[in-house]
Amino acid sequence: MNKGSRKEGFSADTLFQTLFQSSPNAAVVTRVCDGTIMYVNDVFCSITGYLREEVIGKTTLELELYLNPSDRAHFLSKMLKDGILKPQYAELRRRDGSIYKAIVSAHSFWSENYEYVCCSIRDMSEQIRQNHEQSERDEKLQRLFNTMAQGIIYQDVNGRIVSANPAAERMLGLSSKQMEQRSSQSPEWKTIREDGSRLPASEHPSMIALRTGKPFGPYTLGVYNEAISDHIWLSVHATPLFREGEDKPYQVYVILTDVTKELKARRDYHLLFREMMDGFALHEIICDQNGNPIDYRYIAVNPAFEQMTGLKACDLIGRTVKEVLPETEQYWINSYGQVALTGVPITFQDYSVALDKYFNVTAYRPAPMQFACIVSDITQQIQYQKEKEQAQEQIKRLAHICDIAPSSILIFDMTGRILYSNDFASRLHGYSKEEMLSLSVHDLMIERDDNDFLESLRVIYEQGEIILNETACTRQKEPIPMLIYAKRTEWDNQTAILTIGTDLTQKTKAEKVLNESLEENRRILDNLQDGFFRADLEGNFLIINPRIVHMYGYDNIADMLSTNAKHMYVRQEDYTDLLNKLRLEGRVTSHNCKARRKDKTEFWVSMNVQYLRNDEGDIIGTEGLIRDITERRKLEQEVLKQHESLVASNLVLKKQRLEQSINAISKVVELRDVYTAGHQKRVKQLACQIGARLGFTQEEIVNLSYGALLHDIGKIYIASDILNKPGKITNLEYQILQTHAEYSYNIAREMDLPQVILTMVLQHHERLDGSGYPSKLKGDEIILESRILAVADVVEAMTSHRPYRPAMGIDAALREIEYGRGKKYDACVVDICISLFRDEGFSFSYDSVI
């Protein structure tokens with residue numbers, strides 16, 4: 001620095017401040033000796049973010065203004081050497097720590113014996129950012145120019161090519177340098193129009209744009225490409241370029257788009273449009289004021305559409321579907337409307353009522369408010385598919401029917417090899433369906449002569465079908481009797497045999513059981529002491545047993561079958577009365593009347609008759625039992641006479657006489673069934689004990705004892721072979737046995753006994769739940785005395801020996817009534833009975849005292 005400058009005084013403060021503050025750059029003055037900052041301007045505060053008072057008096061090192069402190073030392077060294085710092089780049093730090101790039105310049109000066117440095121700082125951040133952005137833009141434009149798919153050509157005012165991008169080079173088959181040797185007027189281009197005619201150079205889009213000063217295009221033309229030795233098709237758009245202030249273009253900017261493929265596709269499309277097998281139609285949708293589709297108009301149709309619909313293009317183009325086909329359903333319009341309005345394509349199949357055909361339709365939107373359809377007539381396919389589905393469904397149903405059929409279905413060839421087996425046949429023989437197909441029909445039969453098999457095949461082949469009984473076998477060689485229907489058929493284009501076999505195993509067993517049952521029933525009927533009959537609604541006998549033939553004095557069964565039942569009554573009123581009771585109650589018990597034998601003699605009978613019904617429940621006749629009660633009537637009359645004699649002799653001895661009568665009747669029973677007589681005595685013992693504990697009066701206990709002695713008196717009318725049968729009785733025998741309660745009631749009724757005795761005798765087999773007999777009474781319909789007899793009867797019966805079983809013991813008897821307590825038997829009666837045996841030590845007395 002020169003010393004002259006040291007002597008120069010510091011400029012006036014006003015001038016300095018003005019210059020200092022008006023600087024467009026940040027300015028800072030520092031004292032050289034200690035680096036203290038003396039002055040900063042507003043731009044410095046704005047750039048660095050410091051307040052003036054935060055920096056005055058501090059050094060740049062304390063504020064860490066330099067990112068690299070070595071820059072400060074370098075700048076200071078330059079200053080001490082040259083007295084000035086030319087503009088230098090440096091990275092500086094702001095108050096918030098952010099970094100910015102700046103150009104720093106400085107010069108030194110003296111004032112009041114101190115050397116100072118005035119430093120100017122220009123913030124380059126914004127300029128650097130702008131330069132960077134401009135560089136990026138230039139790179140992007142260049143990259144776009146080089147990489148864009150469209151060709152770009154710049155031509156001068158004479159049409160000569162100035163530059164071209166790579167895409168243009170590829171399209172034209174020339175390098176940029178080669179193209180620079182040509183203009184739009186060069187004949188080498190061999191430019192042609194779409195129709196193939198030559199395009200004059202003056203009509204080239206670039207020349208038109210240069211001539212008119214207006215953009216021109218797009219225009220499609222063909223240019224000869226030497227690389228491929230063929231024309232390529234370009235869509236050309238030319239835009240003239242002007243310099244500022246000039247009205248004549250100095251260049252033209254040309255955009256080339258290769259439309260070779262599109263043009264070929266369009267030509268192919270037109271060819272396809274004319275030749276395609278599917279129908280094609282272009283339409284315009286028509287909407288109402290609310291935007292809802294209401295109709296559509298035909299724009300174009302191809303020949304296939306005409307042939308498919310039977311409608312001519314001349315009758316369709318420009319007209320709406322409702323004008324052409326007014327029967328068109330609205331859903332067609334709605335479906336197409338959605339395509340035209342939303343642009344969402346659809347494919348569907350549907351039936352057109354207007355054309356009476358099925359169509360497969362693909363619809364799409366080629367332009368707003370338009371839709372195009374590709375249509376295929378699938379009427380025959382749909383009909384074929386329906387027929388196929390029906391056939392398949394029939395096959396499935398037939399297969400299902402075959403598999404669920406309760407018969408064996410087999411198909412085998414003429415050698416016997418099995419070709420088909422249904423589920424039933426597989427289960428019947430014990431093989432899987434797969435195993436069956438590996439077998440021969442011989443494997444499923446009990447050994448038989450091959451000649452017989454061949455003979456059967458011959459008959460089937462000649463006659464077409466045959467029915468025969470055969471014995472097949474299971475996998476374990478167990479025999480299976482079968483009825484087989486065999487028929488000649490076709491299977492996979494070969495002659496085969498279809499067999500449908502019915503398993504007769506259950507039928508054979510059922511027939512055996514039925515025959516045995518019929519034989520058993522026949523034996524029962526033949527040995528019944530009662531007559532049995534079954535007749536139709538006209539009174540003609542259908543079935544009768546030998547006993548009824550003998551009873552009515554006929555020679556044989558056939559002789560009596562020829563007689564009508566209505567002629568066998570002495571009084572027709574008795575026959576009419578029986579029918580009336582049947583109509584009202586469905587059954588009649590103990591219908592007593594006089595009957596007529598074949599020889600016209602009369603005798604008394606007691607009849608139990610009920611309706612005969614078929615499986616549907618319809619009444620088809622009557623059946624019943626008839627007993628000759630002539631001797632019984634005499635006995636009853638004799639007993640009644642004795643009773644009346646006793647009553648008339650001495651009313652005081654009524655009770656004794658009554659007991660003697662009852663004992664006498666019991667003796668009659670005892671003569672036929674000693675078990676029954678002893679049973680009645682023991683039932684009396686237990687019943688009277690129960691009655692006493694229920695608070696019965698003496699008279700009520702006497703009545704209870706009479707009822708106990710008489711409750712089984714009706715068994716004198718039951719055949720002894722049923723009463724004393726050692727094995728299980730049949731259902732018919734059980735029904736006969738049940739009649740003893742009514743017979744007991746009828747006998748007691750003739751003895752002028754109190755009604756309560758008659759009732760308890762009739763009801764002693766009724767049960768609380770209605771499961772008893774003869775009237776299936778329930779609950780309070782059964783009097784208390786009958787409930788007592790029911791419990792005493794069961795307990796005594798189970799503890800006593802019977803012809804068909806040994807005595808079961810008192811414990812089993814008490815368990816039985818305990819199990820039925822409240823259900824079948826009166827709960828209070830059961831409790832007293834159990835207490836008598838378990839708590840009071842009661843036991844039956846087996847002496848003969850009543």
# chains A, B, ... in the order shown; residues from 1 in each chain; ligands from 1
>>> residues_around(residues="range 680-689 of chain A", least_positions_apart="5", cutoff="6 Å", atoms="only C-alpha atoms", output="list in words")
Ile701, Ser705, Ala708, Leu709, Ile788, Ala792 and Asp793 of chain A
>>> write_last_selection(atoms="C-alpha atoms", output="short mmCIF file (atom, residue, chain, number, x, y, z; two decimals), in the first residue's frame")
data_model
loop_
_atom_site.label_atom_id
_atom_site.label_comp_id
_atom_site.auth_asym_id
_atom_site.auth_seq_id
_atom_site.Cartn_x
_atom_site.Cartn_y
_atom_site.Cartn_z
CA ILE A 701 -113.93 -103.34 51.75
CA SER A 705 -113.25 -108.19 48.05
CA ALA A 708 -111.21 -109.02 43.49
CA LEU A 709 -112.85 -112.47 43.46
CA ILE A 788 -106.36 -100.77 43.80
CA ALA A 792 -102.84 -105.88 43.50
CA ASP A 793 -103.42 -107.81 40.24
#
>>> select_by_dssp(residues="range 202-253 of chain A", states="alpha helix (DSSP H)", output="MDAnalysis selection string")
chainID A and resid 205:212
>>> residues_around(residues="Ala300 in chain A", least_positions_apart="4", cutoff="12 Å", atoms="only C-alpha atoms", output="PyMOL selection string")
chain A and resi 270+273-274+279-284+304-306+312-320+370-373
>>> select_by_dssp(residues="range 35-193 of chain A", states="strand (DSSP E)", output="PyMOL selection string")
chain A and resi 37-40+84-93+99-111+114-123+151-156+161-164
>>> write_last_selection(atoms="C-alpha atoms", output="short mmCIF file (atom, residue, chain, number, x, y, z; two decimals), in the first residue's frame")
data_model
loop_
_atom_site.label_atom_id
_atom_site.label_comp_id
_atom_site.auth_asym_id
_atom_site.auth_seq_id
_atom_site.Cartn_x
_atom_site.Cartn_y
_atom_site.Cartn_z
CA ILE A 37 -15.80 -5.23 12.72
CA MET A 38 -16.42 -1.49 12.69
CA TYR A 39 -19.27 -1.04 10.26
CA VAL A 40 -21.83 -3.22 8.38
CA ILE A 84 -6.59 -5.04 -2.82
CA LEU A 85 -8.54 -8.31 -3.15
CA LYS A 86 -9.94 -9.03 -6.55
CA PRO A 87 -13.32 -10.86 -6.64
CA GLN A 88 -12.99 -14.37 -5.21
CA TYR A 89 -15.55 -17.16 -4.64
CA ALA A 90 -16.04 -18.20 -1.03
CA GLU A 91 -18.56 -20.24 1.03
CA LEU A 92 -19.87 -18.21 3.96
CA ARG A 93 -22.10 -19.04 6.94
CA ILE A 99 -24.23 -21.91 3.88
CA TYR A 100 -24.28 -19.59 0.88
CA LYS A 101 -21.86 -18.94 -1.95
CA ALA A 102 -20.65 -15.41 -2.51
CA ILE A 103 -18.11 -13.32 -4.46
CA VAL A 104 -15.85 -11.45 -2.04
CA SER A 105 -13.74 -8.36 -2.98
CA ALA A 106 -11.89 -5.85 -0.71
CA HIS A 107 -9.50 -2.95 -0.50
CA SER A 108 -7.63 -1.36 2.41
CA PHE A 109 -7.48 2.23 3.57
CA TRP A 110 -6.08 4.34 6.45
CA SER A 111 -7.97 6.52 8.79
CA TYR A 114 -5.48 2.84 11.66
CA GLU A 115 -5.55 0.58 8.66
CA TYR A 116 -8.97 -0.68 7.68
CA VAL A 117 -10.35 -3.17 5.14
CA CYS A 118 -13.64 -2.56 3.37
CA CYS A 119 -15.00 -5.86 2.13
CA SER A 120 -17.82 -6.23 -0.43
CA ILE A 121 -19.83 -9.50 -0.42
CA ARG A 122 -22.19 -10.40 -3.29
CA ASP A 123 -24.64 -13.27 -2.48
CA GLY A 151 -39.47 -36.59 -35.51
CA ILE A 152 -38.40 -32.94 -35.29
CA ILE A 153 -36.93 -31.06 -38.26
CA TYR A 154 -35.89 -27.42 -38.56
CA GLN A 155 -35.86 -26.02 -42.10
CA ASP A 156 -34.65 -22.62 -43.30
CA ILE A 161 -33.08 -28.97 -43.53
CA VAL A 162 -31.03 -27.29 -40.81
CA SER A 163 -31.23 -29.95 -38.07
CA ALA A 164 -33.12 -33.14 -37.22
#
>>> residues_around(residues="range 771-787 of chain A", least_positions_apart="6", cutoff="8 Å", atoms="only C-alpha atoms", output="number ranges by chain")
A: 704, 738-739, 741-742, 759-765, 824-826, 829
>>> write_last_selection(atoms="all heavy atoms", output="short mmCIF file (atom, residue, chain, number, x, y, z; two decimals), in the first residue's frame")
data_model
loop_
_atom_site.label_atom_id
_atom_site.label_comp_id
_atom_site.auth_asym_id
_atom_site.auth_seq_id
_atom_site.Cartn_x
_atom_site.Cartn_y
_atom_site.Cartn_z
N LEU A 704 -114.93 -104.37 47.62
CA LEU A 704 -113.59 -104.52 47.02
C LEU A 704 -113.21 -106.00 46.96
O LEU A 704 -112.64 -106.46 45.96
CB LEU A 704 -112.56 -103.73 47.84
CG LEU A 704 -111.14 -103.66 47.27
CD1 LEU A 704 -111.13 -103.01 45.89
CD2 LEU A 704 -110.23 -102.88 48.22
N GLN A 738 -107.86 -110.45 25.99
CA GLN A 738 -108.30 -109.16 26.52
C GLN A 738 -109.80 -109.10 26.72
O GLN A 738 -110.29 -108.26 27.47
CB GLN A 738 -107.86 -108.03 25.57
CG GLN A 738 -106.38 -107.71 25.63
CD GLN A 738 -106.01 -106.57 24.69
OE1 GLN A 738 -106.66 -106.38 23.66
NE2 GLN A 738 -104.97 -105.84 25.03
N THR A 739 -110.55 -109.99 26.06
CA THR A 739 -112.02 -109.93 26.17
C THR A 739 -112.51 -110.42 27.53
O THR A 739 -113.68 -110.23 27.85
CB THR A 739 -112.66 -110.79 25.07
OG1 THR A 739 -112.25 -112.16 25.24
CG2 THR A 739 -112.23 -110.32 23.69
N ALA A 741 -112.12 -109.23 30.49
CA ALA A 741 -112.61 -108.17 31.37
C ALA A 741 -114.08 -107.88 31.09
O ALA A 741 -114.90 -107.71 32.01
CB ALA A 741 -111.77 -106.91 31.19
N GLU A 742 -114.43 -107.84 29.79
CA GLU A 742 -115.83 -107.59 29.44
C GLU A 742 -116.71 -108.79 29.80
O GLU A 742 -117.85 -108.63 30.23
CB GLU A 742 -115.91 -107.25 27.95
CG GLU A 742 -115.25 -105.91 27.61
CD GLU A 742 -115.05 -105.71 26.15
OE1 GLU A 742 -114.46 -106.62 25.51
OE2 GLU A 742 -115.46 -104.65 25.64
N THR A 759 -118.14 -101.97 37.96
CA THR A 759 -117.18 -101.03 37.35
C THR A 759 -115.74 -101.45 37.62
O THR A 759 -114.89 -101.42 36.72
CB THR A 759 -117.42 -99.62 37.89
OG1 THR A 759 -118.77 -99.22 37.61
CG2 THR A 759 -116.46 -98.61 37.22
N MET A 760 -115.44 -101.85 38.87
CA MET A 760 -114.06 -102.23 39.18
C MET A 760 -113.65 -103.49 38.43
O MET A 760 -112.50 -103.64 38.04
CB MET A 760 -113.85 -102.37 40.70
CG MET A 760 -114.45 -103.58 41.36
SD MET A 760 -114.02 -103.71 43.12
CE MET A 760 -115.16 -102.55 43.85
N VAL A 761 -114.61 -104.41 38.19
CA VAL A 761 -114.31 -105.61 37.43
C VAL A 761 -113.99 -105.23 35.96
O VAL A 761 -113.03 -105.74 35.37
CB VAL A 761 -115.50 -106.60 37.49
CG1 VAL A 761 -115.33 -107.71 36.45
CG2 VAL A 761 -115.61 -107.20 38.88
N LEU A 762 -114.78 -104.32 35.39
CA LEU A 762 -114.58 -103.92 34.00
C LEU A 762 -113.28 -103.13 33.82
O LEU A 762 -112.60 -103.24 32.79
CB LEU A 762 -115.78 -103.08 33.53
CG LEU A 762 -115.75 -102.62 32.07
CD1 LEU A 762 -115.77 -103.82 31.12
CD2 LEU A 762 -116.93 -101.68 31.78
N GLN A 763 -112.91 -102.33 34.86
CA GLN A 763 -111.78 -101.40 34.70
C GLN A 763 -110.46 -101.93 35.27
O GLN A 763 -109.46 -101.21 35.21
CB GLN A 763 -112.10 -100.07 35.40
CG GLN A 763 -113.22 -99.28 34.77
CD GLN A 763 -113.45 -97.96 35.50
OE1 GLN A 763 -112.83 -97.70 36.53
NE2 GLN A 763 -114.34 -97.14 34.96
N HIS A 764 -110.38 -103.14 35.79
CA HIS A 764 -109.18 -103.53 36.53
C HIS A 764 -107.93 -103.63 35.65
O HIS A 764 -106.82 -103.69 36.17
CB HIS A 764 -109.42 -104.85 37.28
CG HIS A 764 -109.38 -106.09 36.41
ND1 HIS A 764 -110.48 -106.51 35.66
CD2 HIS A 764 -108.39 -106.98 36.16
CE1 HIS A 764 -110.17 -107.61 35.00
NE2 HIS A 764 -108.91 -107.94 35.28
N HIS A 765 -108.11 -103.63 34.30
CA HIS A 765 -106.94 -103.61 33.40
C HIS A 765 -106.72 -102.24 32.74
O HIS A 765 -105.89 -102.12 31.84
CB HIS A 765 -107.08 -104.68 32.31
CG HIS A 765 -106.57 -106.03 32.74
ND1 HIS A 765 -105.24 -106.28 32.99
CD2 HIS A 765 -107.26 -107.19 32.98
CE1 HIS A 765 -105.12 -107.54 33.35
NE2 HIS A 765 -106.32 -108.13 33.36
N LYS A 824 -98.65 -95.28 35.22
CA LYS A 824 -99.66 -96.31 34.96
C LYS A 824 -100.51 -96.57 36.20
O LYS A 824 -101.70 -96.86 36.10
CB LYS A 824 -98.99 -97.61 34.51
CG LYS A 824 -98.33 -97.54 33.14
CD LYS A 824 -97.82 -98.92 32.75
CE LYS A 824 -97.22 -98.90 31.35
NZ LYS A 824 -96.79 -100.24 30.92
N TYR A 825 -99.86 -96.49 37.37
CA TYR A 825 -100.53 -96.89 38.61
C TYR A 825 -100.67 -95.68 39.54
O TYR A 825 -99.82 -94.79 39.57
CB TYR A 825 -99.75 -97.99 39.31
CG TYR A 825 -99.33 -99.12 38.41
CD1 TYR A 825 -98.00 -99.36 38.10
CD2 TYR A 825 -100.29 -99.94 37.81
CE1 TYR A 825 -97.62 -100.38 37.26
CE2 TYR A 825 -99.92 -100.97 36.96
CZ TYR A 825 -98.58 -101.19 36.68
OH TYR A 825 -98.21 -102.20 35.85
N ASP A 826 -101.75 -95.71 40.33
CA ASP A 826 -102.01 -94.64 41.29
C ASP A 826 -100.85 -94.55 42.29
O ASP A 826 -100.45 -95.54 42.90
CB ASP A 826 -103.33 -94.91 42.02
CG ASP A 826 -103.73 -93.77 42.92
OD1 ASP A 826 -103.17 -93.66 44.03
OD2 ASP A 826 -104.59 -92.97 42.51
N VAL A 829 -101.71 -95.56 45.98
CA VAL A 829 -101.91 -97.01 46.09
C VAL A 829 -100.57 -97.73 46.05
O VAL A 829 -100.31 -98.66 46.82
CB VAL A 829 -102.84 -97.50 44.97
CG1 VAL A 829 -102.93 -99.03 44.98
CG2 VAL A 829 -104.23 -96.90 45.11
#
